[in-house]
file work.cif (mmCIF, C-alpha atoms)
data_start
#
loop_
_atom_site.group_PDB
_atom_site.id
_atom_site.type_symbol
_atom_site.label_atom_id
_atom_site.label_comp_id
_atom_site.auth_asym_id
_atom_site.auth_seq_id
_atom_site.Cartn_x
_atom_site.Cartn_y
_atom_site.Cartn_z
ATOM 1 C CA MET Q 1 0.000 0.000 0.000
ATOM 2 C CA ASN Q 2 1.195 3.463 -0.829
ATOM 3 C CA LYS Q 3 0.426 6.612 1.182
ATOM 4 C CA GLN Q 4 -3.031 7.223 -0.275
ATOM 5 C CA GLU Q 5 -3.940 3.554 0.025
ATOM 6 C CA ILE Q 6 -2.948 3.663 3.710
ATOM 7 C CA TYR Q 7 -5.203 6.691 4.271
ATOM 8 C CA ASP Q 8 -8.062 4.971 2.432
ATOM 9 C CA PHE Q 9 -7.507 1.740 4.370
ATOM 10 C CA LEU Q 10 -7.546 3.510 7.746
ATOM 11 C CA THR Q 11 -10.696 5.402 6.785
ATOM 12 C CA HIS Q 12 -12.373 2.213 5.523
ATOM 13 C CA ARG Q 13 -11.519 0.457 8.809
ATOM 14 C CA GLY Q 14 -13.059 3.359 10.774
ATOM 15 C CA ILE Q 15 -9.762 4.205 12.444
ATOM 16 C CA GLN Q 16 -9.384 7.794 13.566
ATOM 17 C CA TYR Q 17 -6.078 9.324 12.562
ATOM 18 C CA GLU Q 18 -4.425 12.667 12.017
ATOM 19 C CA THR Q 19 -1.831 13.433 9.364
ATOM 20 C CA THR Q 20 1.135 15.793 9.387
ATOM 21 C CA GLU Q 21 2.598 16.416 5.928
ATOM 22 C CA HIS Q 22 6.282 17.413 5.894
ATOM 23 C CA PRO Q 23 9.374 17.374 3.680
ATOM 24 C CA ALA Q 24 10.915 13.950 3.129
ATOM 25 C CA VAL Q 25 12.932 12.829 6.158
ATOM 26 C CA TYR Q 26 15.373 9.948 6.249
ATOM 27 C CA ASN Q 27 16.337 9.740 9.930
ATOM 28 C CA MET Q 28 15.368 10.907 13.390
ATOM 29 C CA GLU Q 29 17.699 13.913 13.218
ATOM 30 C CA GLU Q 30 15.933 15.229 10.122
ATOM 31 C CA LEU Q 31 12.541 14.537 11.664
ATOM 32 C CA ALA Q 32 13.538 16.528 14.747
ATOM 33 C CA GLN Q 33 13.657 19.604 12.489
ATOM 34 C CA VAL Q 34 9.978 19.162 11.594
ATOM 35 C CA ASP Q 35 7.313 20.859 13.709
ATOM 36 C CA LEU Q 36 5.256 17.864 14.838
ATOM 37 C CA PRO Q 37 2.092 18.129 16.936
ATOM 38 C CA TYR Q 38 2.994 15.091 19.112
ATOM 39 C CA PRO Q 39 6.785 14.704 19.071
ATOM 40 C CA GLU Q 40 6.675 12.531 22.208
ATOM 41 C CA ALA Q 41 4.653 9.926 20.274
ATOM 42 C CA ASP Q 42 6.914 9.724 17.245
ATOM 43 C CA ALA Q 43 8.283 6.245 16.517
ATOM 44 C CA LYS Q 44 11.768 5.202 15.521
ATOM 45 C CA ASN Q 45 11.490 2.097 13.346
ATOM 46 C CA LEU Q 46 14.264 -0.414 12.755
ATOM 47 C CA PHE Q 47 14.063 -3.199 10.183
ATOM 48 C CA VAL Q 48 16.533 -5.948 11.066
ATOM 49 C CA ARG Q 49 17.229 -9.537 10.120
ATOM 50 C CA ASP Q 50 19.048 -12.473 11.602
ATOM 51 C CA SER Q 51 22.376 -13.694 10.260
ATOM 52 C CA LYS Q 52 20.722 -16.506 8.300
ATOM 53 C CA LYS Q 53 18.227 -14.123 6.607
ATOM 54 C CA LYS Q 54 15.431 -16.361 7.858
ATOM 55 C CA ASN Q 55 13.794 -14.067 10.394
ATOM 56 C CA TYR Q 56 12.999 -10.390 9.981
ATOM 57 C CA TYR Q 57 11.955 -7.977 12.704
ATOM 58 C CA LEU Q 58 10.457 -4.514 12.689
ATOM 59 C CA ILE Q 59 11.157 -2.786 16.001
ATOM 60 C CA SER Q 60 9.297 0.413 16.920
ATOM 61 C CA VAL Q 61 10.475 2.459 19.887
ATOM 62 C CA LYS Q 62 10.034 6.005 21.117
ATOM 63 C CA GLY Q 63 12.140 8.333 19.001
ATOM 64 C CA ASP Q 64 14.529 9.222 21.812
ATOM 65 C CA LYS Q 65 15.434 5.591 22.617
ATOM 66 C CA GLN Q 66 18.308 3.479 21.398
ATOM 67 C CA VAL Q 67 17.949 -0.224 20.606
ATOM 68 C CA ASP Q 68 20.824 -2.464 21.613
ATOM 69 C CA LEU Q 69 20.615 -5.262 19.039
ATOM 70 C CA LYS Q 70 22.932 -7.518 21.061
ATOM 71 C CA ALA Q 71 20.689 -7.165 24.115
ATOM 72 C CA PHE Q 72 17.610 -7.697 21.916
ATOM 73 C CA ARG Q 73 19.192 -10.852 20.490
ATOM 74 C CA LYS Q 74 19.932 -12.223 23.937
ATOM 75 C CA ARG Q 75 16.504 -11.320 25.331
ATOM 76 C CA PHE Q 76 14.565 -12.891 22.452
ATOM 77 C CA GLU Q 77 17.038 -15.678 21.696
ATOM 78 C CA THR Q 78 17.609 -14.787 18.055
ATOM 79 C CA LYS Q 79 20.605 -15.400 15.864
ATOM 80 C CA PRO Q 80 22.951 -12.401 15.452
ATOM 81 C CA LEU Q 81 21.090 -9.372 14.085
ATOM 82 C CA SER Q 82 21.955 -6.677 11.600
ATOM 83 C CA PHE Q 83 20.036 -4.089 9.640
ATOM 84 C CA ALA Q 84 18.214 -5.568 6.676
ATOM 85 C CA SER Q 85 19.246 -4.412 3.217
ATOM 86 C CA ALA Q 86 17.323 -1.941 1.091
ATOM 87 C CA GLU Q 87 16.557 -4.882 -1.212
ATOM 88 C CA ASP Q 88 15.044 -6.893 1.650
ATOM 89 C CA LEU Q 89 13.060 -3.854 2.770
ATOM 90 C CA MET Q 90 11.602 -3.413 -0.713
ATOM 91 C CA ALA Q 91 11.001 -7.142 -1.264
ATOM 92 C CA LEU Q 92 9.209 -7.739 2.044
ATOM 93 C CA LEU Q 93 7.577 -4.415 2.955
ATOM 94 C CA LYS Q 94 7.597 -2.484 -0.351
ATOM 95 C CA LEU Q 95 9.388 0.407 1.412
ATOM 96 C CA ILE Q 96 12.494 2.464 0.795
ATOM 97 C CA PRO Q 97 15.070 3.347 3.455
ATOM 98 C CA GLY Q 98 13.790 6.323 5.438
ATOM 99 C CA ALA Q 99 10.163 5.230 5.083
ATOM 100 C CA VAL Q 100 10.277 2.217 7.419
ATOM 101 C CA SER Q 101 6.949 1.991 9.213
ATOM 102 C CA PRO Q 102 4.794 -0.587 10.980
ATOM 103 C CA LEU Q 103 2.194 0.204 8.312
ATOM 104 C CA GLY Q 104 4.622 -1.373 5.856
ATOM 105 C CA LEU Q 105 3.786 -4.690 7.487
ATOM 106 C CA LEU Q 106 0.482 -4.455 5.629
ATOM 107 C CA ASN Q 107 2.575 -5.083 2.494
ATOM 108 C CA ASP Q 108 4.113 -8.249 4.004
ATOM 109 C CA ALA Q 109 2.070 -10.713 1.944
ATOM 110 C CA GLU Q 110 3.201 -13.751 3.945
ATOM 111 C CA GLY Q 111 3.026 -12.117 7.398
ATOM 112 C CA ILE Q 112 6.552 -13.286 8.217
ATOM 113 C CA VAL Q 113 8.027 -10.118 9.731
ATOM 114 C CA TYR Q 114 7.856 -10.042 13.531
ATOM 115 C CA PHE Q 115 6.698 -6.727 15.001
ATOM 116 C CA PHE Q 116 8.085 -5.588 18.347
ATOM 117 C CA ILE Q 117 6.583 -2.381 19.734
ATOM 118 C CA ASP Q 118 7.679 -0.377 22.747
ATOM 119 C CA GLN Q 119 5.356 -0.661 25.771
ATOM 120 C CA ASP Q 120 5.701 3.123 26.213
ATOM 121 C CA PHE Q 121 3.406 3.620 23.209
ATOM 122 C CA ILE Q 122 0.631 1.782 25.059
ATOM 123 C CA ASP Q 123 0.862 4.056 28.091
ATOM 124 C CA ALA Q 124 -1.213 7.259 28.128
ATOM 125 C CA PRO Q 125 -1.959 8.944 25.829
ATOM 126 C CA GLY Q 126 -1.685 5.716 23.798
ATOM 127 C CA LEU Q 127 -0.689 7.513 20.601
ATOM 128 C CA ILE Q 128 1.931 6.643 17.985
ATOM 129 C CA GLY Q 129 3.248 8.537 14.970
ATOM 130 C CA VAL Q 130 4.443 6.517 11.966
ATOM 131 C CA HIS Q 131 5.019 7.096 8.278
ATOM 132 C CA PRO Q 132 2.145 6.091 5.959
ATOM 133 C CA ASN Q 133 4.674 4.039 3.928
ATOM 134 C CA ASP Q 134 6.076 7.335 2.640
ATOM 135 C CA ASN Q 135 8.536 9.585 4.463
ATOM 136 C CA THR Q 136 6.737 12.814 3.508
ATOM 137 C CA ALA Q 137 4.096 12.463 6.207
ATOM 138 C CA THR Q 138 3.449 11.166 9.701
ATOM 139 C CA VAL Q 139 0.174 9.507 10.672
ATOM 140 C CA TRP Q 140 -0.913 9.778 14.305
ATOM 141 C CA LEU Q 141 -3.207 7.037 15.536
ATOM 142 C CA LYS Q 142 -4.017 5.084 18.654
ATOM 143 C CA THR Q 143 -1.373 2.478 19.365
ATOM 144 C CA GLU Q 144 -3.989 -0.183 20.039
ATOM 145 C CA ASP Q 145 -5.535 0.473 16.606
ATOM 146 C CA LEU Q 146 -2.133 0.003 14.962
ATOM 147 C CA ILE Q 147 -1.493 -3.220 16.868
ATOM 148 C CA ASP Q 148 -4.937 -4.555 15.933
ATOM 149 C CA LEU Q 149 -4.322 -3.788 12.239
ATOM 150 C CA ILE Q 150 -1.003 -5.625 12.264
ATOM 151 C CA LYS Q 151 -2.421 -8.612 14.164
ATOM 152 C CA ASP Q 152 -5.431 -8.775 11.831
ATOM 153 C CA HIS Q 153 -3.022 -8.809 8.889
ATOM 154 C CA GLY Q 154 -1.316 -11.855 10.389
ATOM 155 C CA ASN Q 155 2.066 -10.606 11.539
ATOM 156 C CA PRO Q 156 3.260 -11.697 14.992
ATOM 157 C CA VAL Q 157 3.150 -8.740 17.422
ATOM 158 C CA GLN Q 158 4.899 -8.420 20.742
ATOM 159 C CA VAL Q 159 4.646 -5.444 23.107
ATOM 160 C CA VAL Q 160 7.884 -5.128 25.071
ATOM 161 C CA SER Q 161 9.670 -2.680 27.328
ATOM 162 C CA PHE Q 162 12.796 -1.073 25.930
ATOM 163 C CA GLU Q 163 15.089 0.766 28.328
#
call {"tool": "encode", "arguments": {"input": "work.cif", "output": "structure tokens"}}
result
Amino acid sequence: MNKQEIYDFLTHRGIQYETTEHPAVYNMEELAQVDLPYPEADAKNLFVRDSKKKNYYLISVKGDKQVDLKAFRKRFETKPLSFASAEDLMALLKLIPGAVSPLGLLNDAEGIVYFFIDQDFIDAPGLIGVHPNDNTATVWLKTEDLIDLIKDHGNPVQVVSFE
């Protein structure tokens, strides 16, 4: 799904959302320059794979957090992890680098990418900001709505605490 298809899909599903259009951003530093209505709810999204290229993970954390992939590996008993290639990102989620988003999981036809989301997004106000599969906008929606969409699509979802 592209940006407009995401908007149409959310509307069709009856999910309330708000959109902030902005110049294309490719990392959290660039996004920090954008005037966002809910900067505390903005997500940092990492698309990683194991060393055998058998398991892929999309990890969403609050924008100010770091993810220690070695600690993640140990905690969830995965093989060594590294960032997935741009080719893997396009093949599995139909996204380009800089546009990684949990909404990209809706393009994962086989539902094989594991989604890990930071528990902090569940806590009040329960809001998350993610790209609509395009890095020229941020969609703000309830975290529970996002999780339900991903689960309904068939991807495994795990809510976890990240330090």
call {"tool": "atom_distance", "arguments": {"input": "work.cif", "atom1": "atom CA of Leu105 of chain Q", "atom2": "atom CA of Leu58 of chain Q"}}
result
8.5 Å
call {"tool": "residues_around", "arguments": {"input": "work.cif", "residues": "segment 3-7 of chain Q", "least_positions_apart": "5", "cutoff": "8 Å", "atoms": "all atoms listed in the file", "output": "ChimeraX atom specification"}}
result
/Q:103,132-134
call {"tool": "resolve_selection", "arguments": {"input": "work.cif", "expression": "the PyMOL selection byres ((chain Q and resi 162) around 8)", "output": "PyMOL selection string"}}
result
chain Q and resi 61+65+67+118-119+160-161+163
call {"tool": "resolve_selection", "arguments": {"input": "work.cif", "expression": "the PyMOL selection byres ((chain Q and resi 82-86) around 8)", "output": "ChimeraX atom specification"}}
result
/Q:46-51,56,69,80-81,87-90,96-97
call {"tool": "resolve_selection", "arguments": {"input": "work.cif", "expression": "the PyMOL selection byres ((chain Q and resi 136) around 7)", "output": "PyMOL selection string"}}
result
chain Q and resi 21-25+134-135+137
call {"tool": "write_last_selection", "arguments": {"input": "work.cif", "atoms": "C-alpha atoms", "output": "short mmCIF file (atom, residue, chain, number, x, y, z; two decimals), in the coordinates of the input"}}
result
data_model
loop_
_atom_site.label_atom_id
_atom_site.label_comp_id
_atom_site.auth_asym_id
_atom_site.auth_seq_id
_atom_site.Cartn_x
_atom_site.Cartn_y
_atom_site.Cartn_z
CA GLU Q 21 2.60 16.42 5.93
CA HIS Q 22 6.28 17.41 5.89
CA PRO Q 23 9.37 17.37 3.68
CA ALA Q 24 10.92 13.95 3.13
CA VAL Q 25 12.93 12.83 6.16
CA ASP Q 134 6.08 7.34 2.64
CA ASN Q 135 8.54 9.59 4.46
CA ALA Q 137 4.10 12.46 6.21
#
call {"tool": "atom_distance", "arguments": {"input": "work.cif", "atom1": "atom CA of Ala43 of chain Q", "atom2": "atom CA of His12 of chain Q"}}
result
23.7 Å
call {"tool": "closest_residue", "arguments": {"input": "work.cif", "among": "Q:Asn155, Q:Glu29, Q:Phe116, Q:Glu18", "to": "Phe72 of chain Q", "atoms": "all atoms listed in the file"}}
result
Q:Phe116
call {"tool": "atom_distance", "arguments": {"input": "work.cif", "atom1": "atom CA of Leu149 of chain Q", "atom2": "atom CA of Leu31 of chain Q"}}
result
24.9 Å
call {"tool": "axis_aligned_box", "arguments": {"input": "work.cif", "around": "segment 77-96 of chain Q", "padding_each_side": "6 Å", "output": "AutoDock Vina command-line options"}}
result
--center_x 15.3 --center_y -6.6 --center_z 10.2 --size_x 27.4 --size_y 30.1 --size_z 35.0
call {"tool": "closest_residue", "arguments": {"input": "work.cif", "among": "Q:Trp140, Q:Tyr26, Q:Tyr114, Q:Phe76", "to": "Leu10 of chain Q", "atoms": "all atoms listed in the file"}}
result
Q:Trp140
call {"tool": "residues_around", "arguments": {"input": "work.cif", "residues": "Gly111 of chain Q", "least_positions_apart": "6", "cutoff": "12 Å", "atoms": "all atoms listed in the file", "output": "mmCIF file with C-alpha atoms, in the frame of the given file"}}
result
data_model
loop_
_atom_site.group_PDB
_atom_site.id
_atom_site.type_symbol
_atom_site.label_atom_id
_atom_site.label_comp_id
_atom_site.auth_asym_id
_atom_site.auth_seq_id
_atom_site.Cartn_x
_atom_site.Cartn_y
_atom_site.Cartn_z
ATOM 1 C CA ASN Q 55 13.794 -14.067 10.394
ATOM 2 C CA TYR Q 56 12.999 -10.390 9.981
ATOM 3 C CA TYR Q 57 11.955 -7.977 12.704
ATOM 4 C CA LEU Q 58 10.457 -4.514 12.689
ATOM 5 C CA LEU Q 92 9.209 -7.739 2.044
ATOM 6 C CA LEU Q 93 7.577 -4.415 2.955
ATOM 7 C CA GLY Q 104 4.622 -1.373 5.856
ATOM 8 C CA LEU Q 105 3.786 -4.690 7.487
ATOM 9 C CA ILE Q 150 -1.003 -5.625 12.264
ATOM 10 C CA LYS Q 151 -2.421 -8.612 14.164
ATOM 11 C CA ASP Q 152 -5.431 -8.775 11.831
ATOM 12 C CA HIS Q 153 -3.022 -8.809 8.889
ATOM 13 C CA GLY Q 154 -1.316 -11.855 10.389
ATOM 14 C CA ASN Q 155 2.066 -10.606 11.539
ATOM 15 C CA PRO Q 156 3.260 -11.697 14.992
ATOM 16 C CA VAL Q 157 3.150 -8.740 17.422
#
call {"tool": "closest_residue", "arguments": {"input": "work.cif", "among": "Q:Ile117, Q:Ile112, Q:Val130, Q:Val100", "to": "Val159 of chain Q", "atoms": "only C-alpha atoms"}}
result
Q:Ile117
call {"tool": "residues_around", "arguments": {"input": "work.cif", "residues": "Thr20 of chain Q", "least_positions_apart": "4", "cutoff": "8 Å", "atoms": "all atoms listed in the file", "output": "number ranges by chain"}}
result
Q: 36-37, 137-139
call {"tool": "closest_residue", "arguments": {"input": "work.cif", "among": "Q:Lys53, Q:Lys62, Q:Ala99, Q:Arg73", "to": "Phe121 of chain Q", "atoms": "all atoms listed in the file"}}
result
Q:Lys62
call {"tool": "closest_residue", "arguments": {"input": "work.cif", "among": "Q:Glu40, Q:Asp35, Q:Asp108, Q:Asp64", "to": "Asp123 of chain Q", "atoms": "only C-alpha atoms"}}
result
Q:Glu40
call {"tool": "closest_residue", "arguments": {"input": "work.cif", "among": "Q:Ala41, Q:Ala91, Q:Val113, Q:Met28", "to": "Leu141 of chain Q", "atoms": "only C-alpha atoms"}}
result
Q:Ala41
call {"tool": "build_atoms", "arguments": {"input": "work.cif", "residues": "segment 51-87 of chain Q", "atoms": "N, CA and C atoms", "output": "mmCIF file, keeping the file's coordinate frame"}}
result
data_model
loop_
_atom_site.group_PDB
_atom_site.id
_atom_site.type_symbol
_atom_site.label_atom_id
_atom_site.label_comp_id
_atom_site.auth_asym_id
_atom_site.auth_seq_id
_atom_site.Cartn_x
_atom_site.Cartn_y
_atom_site.Cartn_z
ATOM 1 N N SER Q 51 21.215 -13.408 11.099
ATOM 2 C CA SER Q 51 22.376 -13.694 10.260
ATOM 3 C C SER Q 51 22.103 -14.718 9.160
ATOM 4 N N LYS Q 52 21.064 -15.503 9.312
ATOM 5 C CA LYS Q 52 20.722 -16.506 8.300
ATOM 6 C C LYS Q 52 19.710 -15.977 7.283
ATOM 7 N N LYS Q 53 19.256 -14.723 7.456
ATOM 8 C CA LYS Q 53 18.227 -14.123 6.607
ATOM 9 C C LYS Q 53 16.951 -14.960 6.590
ATOM 10 N N LYS Q 54 16.654 -15.568 7.735
ATOM 11 C CA LYS Q 54 15.431 -16.361 7.858
ATOM 12 C C LYS Q 54 14.355 -15.612 8.611
ATOM 13 N N ASN Q 55 14.748 -14.799 9.573
ATOM 14 C CA ASN Q 55 13.794 -14.067 10.394
ATOM 15 C C ASN Q 55 14.042 -12.572 10.276
ATOM 16 N N TYR Q 56 12.946 -11.846 10.099
ATOM 17 C CA TYR Q 56 12.999 -10.390 9.981
ATOM 18 C C TYR Q 56 12.147 -9.783 11.081
ATOM 19 N N TYR Q 57 12.612 -8.631 11.580
ATOM 20 C CA TYR Q 57 11.955 -7.977 12.704
ATOM 21 C C TYR Q 57 11.809 -6.490 12.422
ATOM 22 N N LEU Q 58 10.647 -5.956 12.709
ATOM 23 C CA LEU Q 58 10.457 -4.514 12.689
ATOM 24 C C LEU Q 58 10.279 -4.104 14.148
ATOM 25 N N ILE Q 59 11.146 -3.225 14.606
ATOM 26 C CA ILE Q 59 11.157 -2.786 16.001
ATOM 27 C C ILE Q 59 10.788 -1.311 16.029
ATOM 28 N N SER Q 60 9.733 -0.977 16.786
ATOM 29 C CA SER Q 60 9.297 0.413 16.920
ATOM 30 C C SER Q 60 9.455 0.849 18.372
ATOM 31 N N VAL Q 61 10.249 1.904 18.558
ATOM 32 C CA VAL Q 61 10.475 2.459 19.887
ATOM 33 C C VAL Q 61 10.256 3.960 19.849
ATOM 34 N N LYS Q 62 10.120 4.546 21.026
ATOM 35 C CA LYS Q 62 10.034 6.005 21.117
ATOM 36 C C LYS Q 62 11.273 6.597 20.454
ATOM 37 N N GLY Q 63 11.075 7.734 19.794
ATOM 38 C CA GLY Q 63 12.140 8.333 19.001
ATOM 39 C C GLY Q 63 13.414 8.660 19.738
ATOM 40 N N ASP Q 64 13.330 8.860 21.050
ATOM 41 C CA ASP Q 64 14.529 9.222 21.812
ATOM 42 C C ASP Q 64 15.265 8.006 22.375
ATOM 43 N N LYS Q 65 14.806 6.800 22.080
ATOM 44 C CA LYS Q 65 15.434 5.591 22.617
ATOM 45 C C LYS Q 65 16.416 4.982 21.631
ATOM 46 N N GLN Q 66 17.364 4.262 22.189
ATOM 47 C CA GLN Q 66 18.308 3.479 21.398
ATOM 48 C C GLN Q 66 17.930 2.005 21.550
ATOM 49 N N VAL Q 67 18.196 1.215 20.532
ATOM 50 C CA VAL Q 67 17.949 -0.224 20.606
ATOM 51 C C VAL Q 67 19.290 -0.929 20.525
ATOM 52 N N ASP Q 68 19.602 -1.665 21.561
ATOM 53 C CA ASP Q 68 20.824 -2.464 21.613
ATOM 54 C C ASP Q 68 20.500 -3.822 20.982
ATOM 55 N N LEU Q 69 20.960 -4.029 19.753
ATOM 56 C CA LEU Q 69 20.615 -5.262 19.039
ATOM 57 C C LEU Q 69 21.207 -6.504 19.701
ATOM 58 N N LYS Q 70 22.359 -6.360 20.351
ATOM 59 C CA LYS Q 70 22.932 -7.518 21.061
ATOM 60 C C LYS Q 70 22.057 -7.894 22.252
ATOM 61 N N ALA Q 71 21.570 -6.895 22.978
ATOM 62 C CA ALA Q 71 20.689 -7.165 24.115
ATOM 63 C C ALA Q 71 19.353 -7.726 23.619
ATOM 64 N N PHE Q 72 18.851 -7.197 22.512
ATOM 65 C CA PHE Q 72 17.610 -7.697 21.916
ATOM 66 C C PHE Q 72 17.785 -9.167 21.540
ATOM 67 N N ARG Q 73 18.905 -9.475 20.907
ATOM 68 C CA ARG Q 73 19.192 -10.852 20.490
ATOM 69 C C ARG Q 73 19.177 -11.785 21.688
ATOM 70 N N LYS Q 74 19.854 -11.388 22.742
ATOM 71 C CA LYS Q 74 19.932 -12.223 23.937
ATOM 72 C C LYS Q 74 18.546 -12.395 24.571
ATOM 73 N N ARG Q 75 17.822 -11.298 24.684
ATOM 74 C CA ARG Q 75 16.504 -11.320 25.331
ATOM 75 C C ARG Q 75 15.504 -12.204 24.588
ATOM 76 N N PHE Q 76 15.548 -12.152 23.246
ATOM 77 C CA PHE Q 76 14.565 -12.891 22.452
ATOM 78 C C PHE Q 76 15.152 -14.119 21.760
ATOM 79 N N GLU Q 77 16.374 -14.464 22.156
ATOM 80 C CA GLU Q 77 17.038 -15.678 21.696
ATOM 81 C C GLU Q 77 17.033 -15.813 20.177
ATOM 82 N N THR Q 78 17.500 -14.764 19.518
ATOM 83 C CA THR Q 78 17.609 -14.787 18.055
ATOM 84 C C THR Q 78 19.050 -15.078 17.660
ATOM 85 N N LYS Q 79 19.253 -15.338 16.417
ATOM 86 C CA LYS Q 79 20.605 -15.400 15.864
ATOM 87 C C LYS Q 79 21.138 -13.965 15.807
ATOM 88 N N PRO Q 80 22.419 -13.774 15.538
ATOM 89 C CA PRO Q 80 22.951 -12.401 15.452
ATOM 90 C C PRO Q 80 22.123 -11.547 14.488
ATOM 91 N N LEU Q 81 21.936 -10.282 14.849
ATOM 92 C CA LEU Q 81 21.090 -9.372 14.085
ATOM 93 C C LEU Q 81 21.899 -8.272 13.428
ATOM 94 N N SER Q 82 21.401 -7.849 12.276
ATOM 95 C CA SER Q 82 21.955 -6.677 11.600
ATOM 96 C C SER Q 82 20.818 -6.005 10.840
ATOM 97 N N PHE Q 83 21.069 -4.790 10.397
ATOM 98 C CA PHE Q 83 20.036 -4.089 9.640
ATOM 99 C C PHE Q 83 19.813 -4.801 8.313
ATOM 100 N N ALA Q 84 18.561 -4.938 7.947
ATOM 101 C CA ALA Q 84 18.214 -5.568 6.676
ATOM 102 C C ALA Q 84 18.605 -4.633 5.529
ATOM 103 N N SER Q 85 18.839 -5.196 4.385
ATOM 104 C CA SER Q 85 19.246 -4.412 3.217
ATOM 105 C C SER Q 85 18.051 -3.660 2.627
ATOM 106 N N ALA Q 86 18.369 -2.679 1.803
ATOM 107 C CA ALA Q 86 17.323 -1.941 1.091
ATOM 108 C C ALA Q 86 16.541 -2.897 0.185
ATOM 109 N N GLU Q 87 17.221 -3.898 -0.354
ATOM 110 C CA GLU Q 87 16.557 -4.882 -1.212
ATOM 111 C C GLU Q 87 15.559 -5.720 -0.409
#
